[in-house]
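J.: Just structure_3.pdb, nothing more (PDB, C-alpha atoms):
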```pdb
ATOM      1  CA  MET S   1     -42.171-164.832  11.390
ATOM      2  CA  PRO S   2     -44.784-162.494   9.875
ATOM      3  CA  TRP S   3     -44.406-161.334   6.289
ATOM      4  CA  PHE S   4     -44.207-157.643   7.210
ATOM      5  CA  ALA S   5     -41.133-158.329   9.361
ATOM      6  CA  TRP S   6     -39.411-159.699   6.253
ATOM      7  CA  LEU S   7     -40.466-156.583   4.353
ATOM      8  CA  LEU S   8     -38.934-154.383   7.043
ATOM      9  CA  ALA S   9     -35.732-156.423   6.856
ATOM     10  CA  ALA S  10     -35.718-156.107   3.059
ATOM     11  CA  THR S  11     -36.164-152.339   3.333
ATOM     12  CA  ALA S  12     -33.309-152.009   5.818
ATOM     13  CA  LEU S  13     -31.032-154.177   3.665
ATOM     14  CA  GLY S  14     -31.999-152.214   0.558
ATOM     15  CA  ALA S  15     -31.094-148.963   2.329
ATOM     16  CA  ALA S  16     -27.741-150.455   3.356
ATOM     17  CA  GLU S  17     -27.098-151.456  -0.262
ATOM     18  CA  PHE S  18     -27.897-147.927  -1.398
ATOM     19  CA  PHE S  19     -25.058-146.593   0.735
ATOM     20  CA  THR S  20     -22.474-149.348   0.153
ATOM     21  CA  PHE S  21     -22.896-150.573  -3.464
ATOM     22  CA  THR S  22     -21.479-153.986  -2.561
ATOM     23  CA  LEU S  23     -24.364-155.937  -4.147
ATOM     24  CA  VAL S  24     -24.435-158.187  -1.065
ATOM     25  CA  PHE S  25     -27.028-156.197   0.862
ATOM     26  CA  GLY S  26     -29.161-155.866  -2.272
ATOM     27  CA  LEU S  27     -29.129-159.616  -2.811
ATOM     28  CA  LEU S  28     -30.004-160.166   0.840
ATOM     29  CA  ALA S  29     -32.870-157.692   0.446
ATOM     30  CA  GLY S  30     -34.138-159.706  -2.512
ATOM     31  CA  ALA S  31     -33.861-162.889  -0.471
ATOM     32  CA  ALA S  32     -35.832-161.236   2.350
ATOM     33  CA  LEU S  33     -38.540-160.393  -0.192
ATOM     34  CA  VAL S  34     -38.656-164.053  -1.215
ATOM     35  CA  ALA S  35     -39.018-164.990   2.453
ATOM     36  CA  ALA S  36     -41.821-162.416   2.789
ATOM     37  CA  VAL S  37     -43.691-164.039  -0.088
ATOM     38  CA  VAL S  38     -43.200-167.474   1.444
ATOM     39  CA  ALA S  39     -44.463-166.151   4.795
ATOM     40  CA  GLY S  40     -47.417-164.514   3.070
ATOM     41  CA  VAL S  41     -48.409-167.831   1.520
ATOM     42  CA  GLY S  42     -48.562-169.321   4.992
ATOM     43  CA  ILE S  43     -45.448-171.477   5.174
ATOM     44  CA  GLY S  44     -43.811-171.740   8.608
ATOM     45  CA  VAL S  45     -40.594-170.234   9.914
ATOM     46  CA  LEU S  46     -38.447-173.190   8.814
ATOM     47  CA  GLY S  47     -39.711-172.857   5.234
ATOM     48  CA  GLN S  48     -39.100-169.114   5.339
ATOM     49  CA  LEU S  49     -35.524-169.638   6.484
ATOM     50  CA  VAL S  50     -34.946-172.266   3.777
ATOM     51  CA  ALA S  51     -36.319-169.856   1.153
ATOM     52  CA  LEU S  52     -34.117-167.065   2.540
ATOM     53  CA  GLY S  53     -31.040-169.312   2.433
ATOM     54  CA  ALA S  54     -31.759-170.606  -1.058
ATOM     55  CA  ALA S  55     -32.406-167.143  -2.467
ATOM     56  CA  THR S  56     -29.277-165.778  -0.782
ATOM     57  CA  ALA S  57     -27.116-168.624  -2.083
ATOM     58  CA  ALA S  58     -28.506-168.270  -5.611
ATOM     59  CA  GLY S  59     -27.877-164.546  -5.556
ATOM     60  CA  LEU S  60     -24.348-164.766  -4.221
ATOM     61  CA  VAL S  61     -23.313-167.684  -6.428
ATOM     62  CA  ILE S  62     -25.066-166.785  -9.678
ATOM     63  CA  VAL S  63     -26.141-163.143  -9.791
ATOM     64  CA  ARG S  64     -23.296-161.350  -7.996
ATOM     65  CA  PRO S  65     -20.402-162.654 -10.158
ATOM     66  CA  VAL S  66     -22.295-161.785 -13.345
ATOM     67  CA  ALA S  67     -23.144-158.308 -12.031
ATOM     68  CA  LEU S  68     -19.572-157.638 -10.908
ATOM     69  CA  ARG S  69     -18.206-158.722 -14.293
ATOM     70  CA  TYR S  70     -20.674-156.426 -16.057
ATOM     71  CA  MET S  71     -19.812-153.490 -13.793
ATOM     72  CA  ALA S  72     -16.070-153.996 -14.346
ATOM     73  CA  GLN S  73     -16.344-153.525 -18.112
ATOM     74  CA  GLN S  74     -15.092-150.198 -19.376
ATOM     75  CA  PRO S  75     -17.722-148.151 -21.198
ATOM     76  CA  VAL S  76     -17.239-147.732 -24.915
ATOM     77  CA  THR S  77     -15.734-144.319 -25.530
ATOM     78  CA  TYR S  78     -14.974-142.732 -28.816
ATOM     79  CA  GLU S  79     -11.980-140.446 -29.073
ATOM     80  CA  GLY S  80     -10.672-138.072 -31.671
ATOM     81  CA  SER S  81     -12.418-137.964 -34.992
ATOM     82  CA  ASP S  82     -14.424-141.127 -34.227
ATOM     83  CA  ALA S  83     -16.358-139.101 -31.638
ATOM     84  CA  LEU S  84     -17.718-136.926 -34.451
ATOM     85  CA  ILE S  85     -19.515-139.766 -36.243
ATOM     86  CA  GLY S  86     -23.259-139.310 -35.874
ATOM     87  CA  LYS S  87     -22.989-135.590 -35.081
ATOM     88  CA  ARG S  88     -25.037-132.956 -36.829
ATOM     89  CA  ALA S  89     -23.288-130.343 -38.969
ATOM     90  CA  GLU S  90     -24.217-127.489 -41.288
ATOM     91  CA  VAL S  91     -23.063-127.073 -44.873
ATOM     92  CA  VAL S  92     -20.900-123.958 -45.347
ATOM     93  CA  GLN S  93     -19.911-124.604 -48.958
ATOM     94  CA  GLU S  94     -21.903-126.832 -51.321
ATOM     95  CA  VAL S  95     -21.110-130.492 -50.737
ATOM     96  CA  THR S  96     -20.787-132.875 -53.674
ATOM     97  CA  ALA S  97     -19.296-136.315 -54.161
ATOM     98  CA  THR S  98     -15.804-134.804 -54.417
ATOM     99  CA  ARG S  99     -15.697-131.610 -52.340
ATOM    100  CA  GLY S 100     -17.443-129.340 -49.888
ATOM    101  CA  LEU S 101     -17.161-127.649 -46.521
ATOM    102  CA  ILE S 102     -19.185-128.094 -43.324
ATOM    103  CA  LYS S 103     -19.243-126.557 -39.839
ATOM    104  CA  LEU S 104     -18.892-129.387 -37.347
ATOM    105  CA  SER S 105     -18.524-128.852 -33.580
ATOM    106  CA  GLY S 106     -17.487-125.233 -34.139
ATOM    107  CA  GLU S 107     -14.822-126.090 -36.726
ATOM    108  CA  GLU S 108     -14.834-126.137 -40.495
ATOM    109  CA  TRP S 109     -14.214-129.534 -42.042
ATOM    110  CA  SER S 110     -13.761-130.608 -45.619
ATOM    111  CA  ALA S 111     -16.614-132.857 -46.605
ATOM    112  CA  ARG S 112     -18.078-134.958 -49.341
ATOM    113  CA  ALA S 113     -21.463-136.559 -49.820
ATOM    114  CA  LEU S 114     -22.004-140.217 -48.938
ATOM    115  CA  ASP S 115     -24.324-140.585 -51.930
ATOM    116  CA  GLU S 116     -22.317-139.564 -54.997
ATOM    117  CA  SER S 117     -25.443-138.387 -56.835
ATOM    118  CA  LEU S 118     -26.323-135.787 -54.184
ATOM    119  CA  VAL S 119     -25.482-132.108 -54.180
ATOM    120  CA  ILE S 120     -26.133-130.646 -50.732
ATOM    121  CA  PRO S 121     -26.778-126.870 -50.720
ATOM    122  CA  VAL S 122     -25.330-124.276 -48.332
ATOM    123  CA  GLY S 123     -27.141-124.117 -44.983
ATOM    124  CA  ALA S 124     -28.507-127.655 -45.160
ATOM    125  CA  PRO S 125     -28.224-129.758 -42.001
ATOM    126  CA  VAL S 126     -26.262-132.974 -42.447
ATOM    127  CA  ASP S 127     -25.239-135.952 -40.350
ATOM    128  CA  VAL S 128     -21.643-137.147 -40.275
ATOM    129  CA  MET S 129     -21.648-140.771 -41.361
ATOM    130  CA  GLU S 130     -17.879-141.425 -41.522
ATOM    131  CA  ILE S 131     -14.543-139.681 -41.134
ATOM    132  CA  GLU S 132     -11.818-140.395 -43.688
ATOM    133  CA  GLY S 133      -8.647-138.593 -42.699
ATOM    134  CA  ALA S 134      -9.603-134.927 -42.501
ATOM    135  CA  THR S 135     -12.756-135.329 -44.588
ATOM    136  CA  ALA S 136     -16.229-135.883 -43.183
ATOM    137  CA  ILE S 137     -18.555-138.070 -45.215
ATOM    138  CA  VAL S 138     -22.033-136.597 -44.768
ATOM    139  CA  TYR S 139     -25.655-137.280 -45.644
ATOM    140  CA  PRO S 140     -28.486-134.724 -45.676
ATOM    141  CA  ARG S 141     -30.567-134.827 -42.510
ATOM    142  CA  GLU S 142     -33.986-134.608 -44.248
ATOM    143  CA  LEU S 143     -33.352-137.723 -46.352
ATOM    144  CA  LEU S 144     -32.641-139.981 -43.368
ATOM    145  CA  PRO S 145     -35.392-142.519 -42.634
TER     146      PRO S 145
END
```
Kindly transcribe the structure held in the file into structure tokens.

T.:
Amino acid sequence: MPWFAWLLAATALGAAEFFTFTLVFGLLAGAALVAAVVAGVGIGVLGQLVALGAATAAGLVIVRPVALRYMAQQPVTYEGSDALIGKRAEVVQEVTATRGLIKLSGEEWSARALDESLVIPVGAPVDVMEIEGATAIVYPRELLP
């Protein structure tokens, strides 16, 4: 079988995978590409079919279960105050090691500086490093590496 016939088969299988998302057609398309390479090297039809079968078996036995397990995992989502960690805020009232006020996601939050020696002036941009109760622990944006 000529190599371009395998490429056509791989293209058709890839298109089928695009519409089904079963991973089977995609693995078969990859196996057809392997058969195309084998045909391009000059190996006969029997060798091409063996390569197709081996690549298909390897994909279905090894790759598909790993891919399905990965796809089944729930994405990491942060809820509540944890979702605010890493956000940018603006200082509304001078922030020190013990007190301060920032505007974070449209709301005013009590805040204190992560570095106890810092005094962050009004209007300075800060990053939220932690949330402790109703207090945001912040660090000035310019000092970050």

J.: Identify all residues satisfying the PyMOL selection byres ((chain S and resi 23) around 10) in the given file; provide them as number ranges by chain.

T.: S: 14, 16-18, 20-22, 24-29, 59-60, 63-65, 67-68

J.: Take the residues just selected and output them with C-alpha atoms as a PDB file, keeping the file's coordinate frame.

T.:
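Listed below is the output, selection24.pdb:
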```pdb
ATOM      1  CA  GLY S  14     -31.999-152.214   0.558  1.00  0.00           C
ATOM      2  CA  ALA S  16     -27.741-150.455   3.356  1.00  0.00           C
ATOM      3  CA  GLU S  17     -27.098-151.456  -0.262  1.00  0.00           C
ATOM      4  CA  PHE S  18     -27.897-147.927  -1.398  1.00  0.00           C
ATOM      5  CA  THR S  20     -22.474-149.348   0.153  1.00  0.00           C
ATOM      6  CA  PHE S  21     -22.896-150.573  -3.464  1.00  0.00           C
ATOM      7  CA  THR S  22     -21.479-153.986  -2.561  1.00  0.00           C
ATOM      8  CA  VAL S  24     -24.435-158.187  -1.065  1.00  0.00           C
ATOM      9  CA  PHE S  25     -27.028-156.197   0.862  1.00  0.00           C
ATOM     10  CA  GLY S  26     -29.161-155.866  -2.272  1.00  0.00           C
ATOM     11  CA  LEU S  27     -29.129-159.616  -2.811  1.00  0.00           C
ATOM     12  CA  LEU S  28     -30.004-160.166   0.840  1.00  0.00           C
ATOM     13  CA  ALA S  29     -32.870-157.692   0.446  1.00  0.00           C
ATOM     14  CA  GLY S  59     -27.877-164.546  -5.556  1.00  0.00           C
ATOM     15  CA  LEU S  60     -24.348-164.766  -4.221  1.00  0.00           C
ATOM     16  CA  VAL S  63     -26.141-163.143  -9.791  1.00  0.00           C
ATOM     17  CA  ARG S  64     -23.296-161.350  -7.996  1.00  0.00           C
ATOM     18  CA  PRO S  65     -20.402-162.654 -10.158  1.00  0.00           C
ATOM     19  CA  ALA S  67     -23.144-158.308 -12.031  1.00  0.00           C
ATOM     20  CA  LEU S  68     -19.572-157.638 -10.908  1.00  0.00           C
TER      21      LEU S  68
END
```

J.: Go ahead and compute the interatomic distance for CA of Gly123 in chain S and CA of Gly80 in chain S, in Å to one decimal.

T.: 25.4 Å

J.: With distances taken over all atoms listed in the file, which of S:Val50, S:Val66, S:Val138, S:Ala72 is nearest to Val95 in chain S?

T.: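 Smallest distance to Val95 in chain S is found for S:Val138.
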
J.: I want to know what sits within 8 Å of Ala39 in chain S, based on all atoms listed in the file, with residues of the same chain fewer than 5 positions away left out; could you give that as a ChimeraX atom specification?

T.: /S:1-3,44-45,48

J.: Any idea what's packed within 6 Å of Tyr139 in chain S, counting all atoms listed in the file, ignoring anything in its chain fewer than 4 positions away? Could you give it as an mmCIF file with C-alpha atoms, in the coordinates of the input?

T.:
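This went into part.cif:
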```cif
data_model
loop_
_atom_site.group_PDB
_atom_site.id
_atom_site.type_symbol
_atom_site.label_atom_id
_atom_site.label_comp_id
_atom_site.auth_asym_id
_atom_site.auth_seq_id
_atom_site.Cartn_x
_atom_site.Cartn_y
_atom_site.Cartn_z
ATOM 1 C CA ALA S 113 -21.463 -136.559 -49.820
ATOM 2 C CA LEU S 114 -22.004 -140.217 -48.938
ATOM 3 C CA VAL S 126 -26.262 -132.974 -42.447
ATOM 4 C CA ASP S 127 -25.239 -135.952 -40.350
#
```

J.: Quick one: residues within 10 Å of Lys103 in chain S, all atoms listed in the file, excluding same-chain residues fewer than 3 positions away - as a ChimeraX atom specification?

T.: /S:88-93,106-111,123,125-126

J.: Carefully work through the PyMOL selection byres ((chain S and resi 31) around 6) for this structure and note down the residues it includes, as JSON, numbers by chain.

T.: {"S": [28, 29, 30, 32, 33, 34, 52, 55, 56]}

J.: So which residues touch Ala97 in chain S within 8 Å, counting only C-alpha atoms, skipping near sequence neighbours fewer than 2 positions away, as number ranges by chain?

T.: S: 95, 99, 112-119

J.: Using only C-alpha atoms, please write the residues we just selected to a file, as an mmCIF file, in the coordinates of the input.

T.:
```cif
data_model
loop_
_atom_site.group_PDB
_atom_site.id
_atom_site.type_symbol
_atom_site.label_atom_id
_atom_site.label_comp_id
_atom_site.auth_asym_id
_atom_site.auth_seq_id
_atom_site.Cartn_x
_atom_site.Cartn_y
_atom_site.Cartn_z
ATOM 1 C CA VAL S 95 -21.110 -130.492 -50.737
ATOM 2 C CA ARG S 99 -15.697 -131.610 -52.340
ATOM 3 C CA ARG S 112 -18.078 -134.958 -49.341
ATOM 4 C CA ALA S 113 -21.463 -136.559 -49.820
ATOM 5 C CA LEU S 114 -22.004 -140.217 -48.938
ATOM 6 C CA ASP S 115 -24.324 -140.585 -51.930
ATOM 7 C CA GLU S 116 -22.317 -139.564 -54.997
ATOM 8 C CA SER S 117 -25.443 -138.387 -56.835
ATOM 9 C CA LEU S 118 -26.323 -135.787 -54.184
ATOM 10 C CA VAL S 119 -25.482 -132.108 -54.180
#
```

J.: Would you please work out which residue, of S:Tyr70, S:Ala134, S:Trp6, S:Val122, is nearest to Leu49 in chain S when using all atoms listed in the file?

T.: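 Result for the nearest residue to Leu49 in chain S: S:Trp6.
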
J.: Have a look at S:Ile137, S:Val37, S:Leu8, S:Val76 and name the one nearest to Leu104 in chain S; count only C-alpha atoms.

T.: S:Ile137

J.: Work out how far CA of Ala51 in chain S is from CA of Met71 in chain S, in Å to one decimal.

T.: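 Spanning CA of Met71 in chain S to CA of Ala51 in chain S is a straight-line distance of 27.6 Å.
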
J.: For CA of Ile131 in chain S and CA of Glu94 in chain S, determine how far apart the two atoms are, in Å to one decimal place.

T.: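 Going from CA of Ile131 in chain S over to CA of Glu94 in chain S, I get 18.0 Å.
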
J.: Box time for range 48-63 of chain S: axis-aligned, enclosing all its listed atoms, 3 Å extra on each side; report centre and edge lengths in Å to one decimal, as JSON.

T.:
```
{"center_x": -31.2, "center_y": -167.7, "center_z": -1.7, "size_x": 21.8, "size_y": 15.1, "size_z": 22.3}
```

J.: From the set S:Thr77, S:Ala136, S:Arg141, S:Ala5, which residue has the shortest atom-to-atom contact distance to Ile102 in chain S, counting all atoms listed in the file?

T.: S:Ala136

J.: Could you check the closest approach to Thr135 in chain S for each of S:Val61, S:Leu46, S:Ile85, S:Ala9 and tell me which residue wins, using only C-alpha atoms?

T.: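 Ranking S:Val61, S:Leu46, S:Ile85, S:Ala9 by distance to Thr135 in chain S, first place goes to S:Ile85.
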
J.: For Ala54 in chain S, which residue among S:Ala35, S:Gly86, S:Phe4, S:Glu132 is the nearest when counting only C-alpha atoms?

T.: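 Smallest separation from Ala54 in chain S among the options: S:Ala35.
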
J.: Write range 11-22 of chain S as a CSV table (one decimal), in the coordinates of the input, completed to all heavy atoms.

T.:
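Okay, this is what ended up in out.csv:
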```csv
chain,number,residue,atom,x,y,z
S,11,THR,N,-36.3,-153.8,3.5
S,11,THR,CA,-36.2,-152.3,3.3
S,11,THR,C,-34.9,-151.9,4.0
S,11,THR,O,-34.1,-151.1,3.4
S,11,THR,CB,-37.4,-151.6,4.0
S,11,THR,OG1,-38.6,-152.1,3.4
S,11,THR,CG2,-37.3,-150.1,3.8
S,12,ALA,N,-34.6,-152.4,5.1
S,12,ALA,CA,-33.3,-152.0,5.8
S,12,ALA,C,-32.1,-152.5,5.0
S,12,ALA,O,-31.1,-151.7,4.8
S,12,ALA,CB,-33.3,-152.6,7.2
S,13,LEU,N,-32.1,-153.7,4.5
S,13,LEU,CA,-31.0,-154.2,3.7
S,13,LEU,C,-30.9,-153.4,2.4
S,13,LEU,O,-29.8,-153.1,1.9
S,13,LEU,CB,-31.2,-155.7,3.4
S,13,LEU,CG,-31.0,-156.6,4.6
S,13,LEU,CD1,-31.6,-158.0,4.3
S,13,LEU,CD2,-29.6,-156.6,5.0
S,14,GLY,N,-32.0,-153.0,1.8
S,14,GLY,CA,-32.0,-152.2,0.6
S,14,GLY,C,-31.4,-150.9,0.8
S,14,GLY,O,-30.6,-150.3,0.0
S,15,ALA,N,-31.7,-150.2,2.0
S,15,ALA,CA,-31.1,-149.0,2.3
S,15,ALA,C,-29.6,-149.1,2.5
S,15,ALA,O,-28.8,-148.3,2.1
S,15,ALA,CB,-31.8,-148.4,3.6
S,16,ALA,N,-29.2,-150.2,3.2
S,16,ALA,CA,-27.7,-150.5,3.4
S,16,ALA,C,-27.0,-150.6,2.0
S,16,ALA,O,-25.9,-150.1,1.8
S,16,ALA,CB,-27.5,-151.7,4.2
S,17,GLU,N,-27.7,-151.3,1.1
S,17,GLU,CA,-27.1,-151.5,-0.3
S,17,GLU,C,-27.0,-150.1,-1.0
S,17,GLU,O,-26.0,-149.9,-1.6
S,17,GLU,CB,-28.0,-152.4,-1.1
S,17,GLU,CG,-27.5,-152.6,-2.5
S,17,GLU,CD,-26.1,-153.2,-2.6
S,17,GLU,OE1,-25.8,-154.0,-1.8
S,17,GLU,OE2,-25.4,-152.8,-3.6
S,18,PHE,N,-27.9,-149.3,-0.8
S,18,PHE,CA,-27.9,-147.9,-1.4
S,18,PHE,C,-26.6,-147.2,-1.0
S,18,PHE,O,-26.1,-146.4,-1.8
S,18,PHE,CB,-29.1,-147.1,-1.0
S,18,PHE,CG,-29.2,-145.8,-1.6
S,18,PHE,CD1,-29.5,-145.6,-2.9
S,18,PHE,CD2,-28.9,-144.7,-0.8
S,18,PHE,CE1,-29.6,-144.3,-3.5
S,18,PHE,CE2,-29.0,-143.4,-1.4
S,18,PHE,CZ,-29.3,-143.2,-2.7
S,19,PHE,N,-26.2,-147.3,0.2
S,19,PHE,CA,-25.1,-146.6,0.7
S,19,PHE,C,-23.7,-147.3,0.5
S,19,PHE,O,-22.7,-146.7,0.6
S,19,PHE,CB,-25.2,-146.3,2.2
S,19,PHE,CG,-26.3,-145.2,2.5
S,19,PHE,CD1,-27.5,-145.6,3.0
S,19,PHE,CD2,-26.2,-143.9,2.0
S,19,PHE,CE1,-28.5,-144.7,3.2
S,19,PHE,CE2,-27.2,-143.0,2.2
S,19,PHE,CZ,-28.3,-143.4,2.8
S,20,THR,N,-23.7,-148.6,0.3
S,20,THR,CA,-22.5,-149.3,0.2
S,20,THR,C,-22.1,-149.8,-1.3
S,20,THR,O,-21.0,-149.9,-1.6
S,20,THR,CB,-22.5,-150.6,1.0
S,20,THR,OG1,-23.5,-151.5,0.6
S,20,THR,CG2,-22.7,-150.2,2.5
S,21,PHE,N,-23.1,-150.1,-2.1
S,21,PHE,CA,-22.9,-150.6,-3.5
S,21,PHE,C,-22.0,-151.8,-3.5
S,21,PHE,O,-21.2,-152.0,-4.4
S,21,PHE,CB,-22.3,-149.5,-4.4
S,21,PHE,CG,-23.2,-148.3,-4.6
S,21,PHE,CD1,-22.8,-147.1,-4.1
S,21,PHE,CD2,-24.4,-148.5,-5.2
S,21,PHE,CE1,-23.6,-146.0,-4.3
S,21,PHE,CE2,-25.2,-147.4,-5.4
S,21,PHE,CZ,-24.8,-146.1,-5.0
S,22,THR,N,-22.2,-152.7,-2.6
S,22,THR,CA,-21.5,-154.0,-2.6
S,22,THR,C,-22.2,-155.1,-3.3
S,22,THR,O,-21.6,-156.2,-3.5
S,22,THR,CB,-21.2,-154.4,-1.1
S,22,THR,OG1,-22.5,-154.7,-0.5
S,22,THR,CG2,-20.4,-153.4,-0.4
```
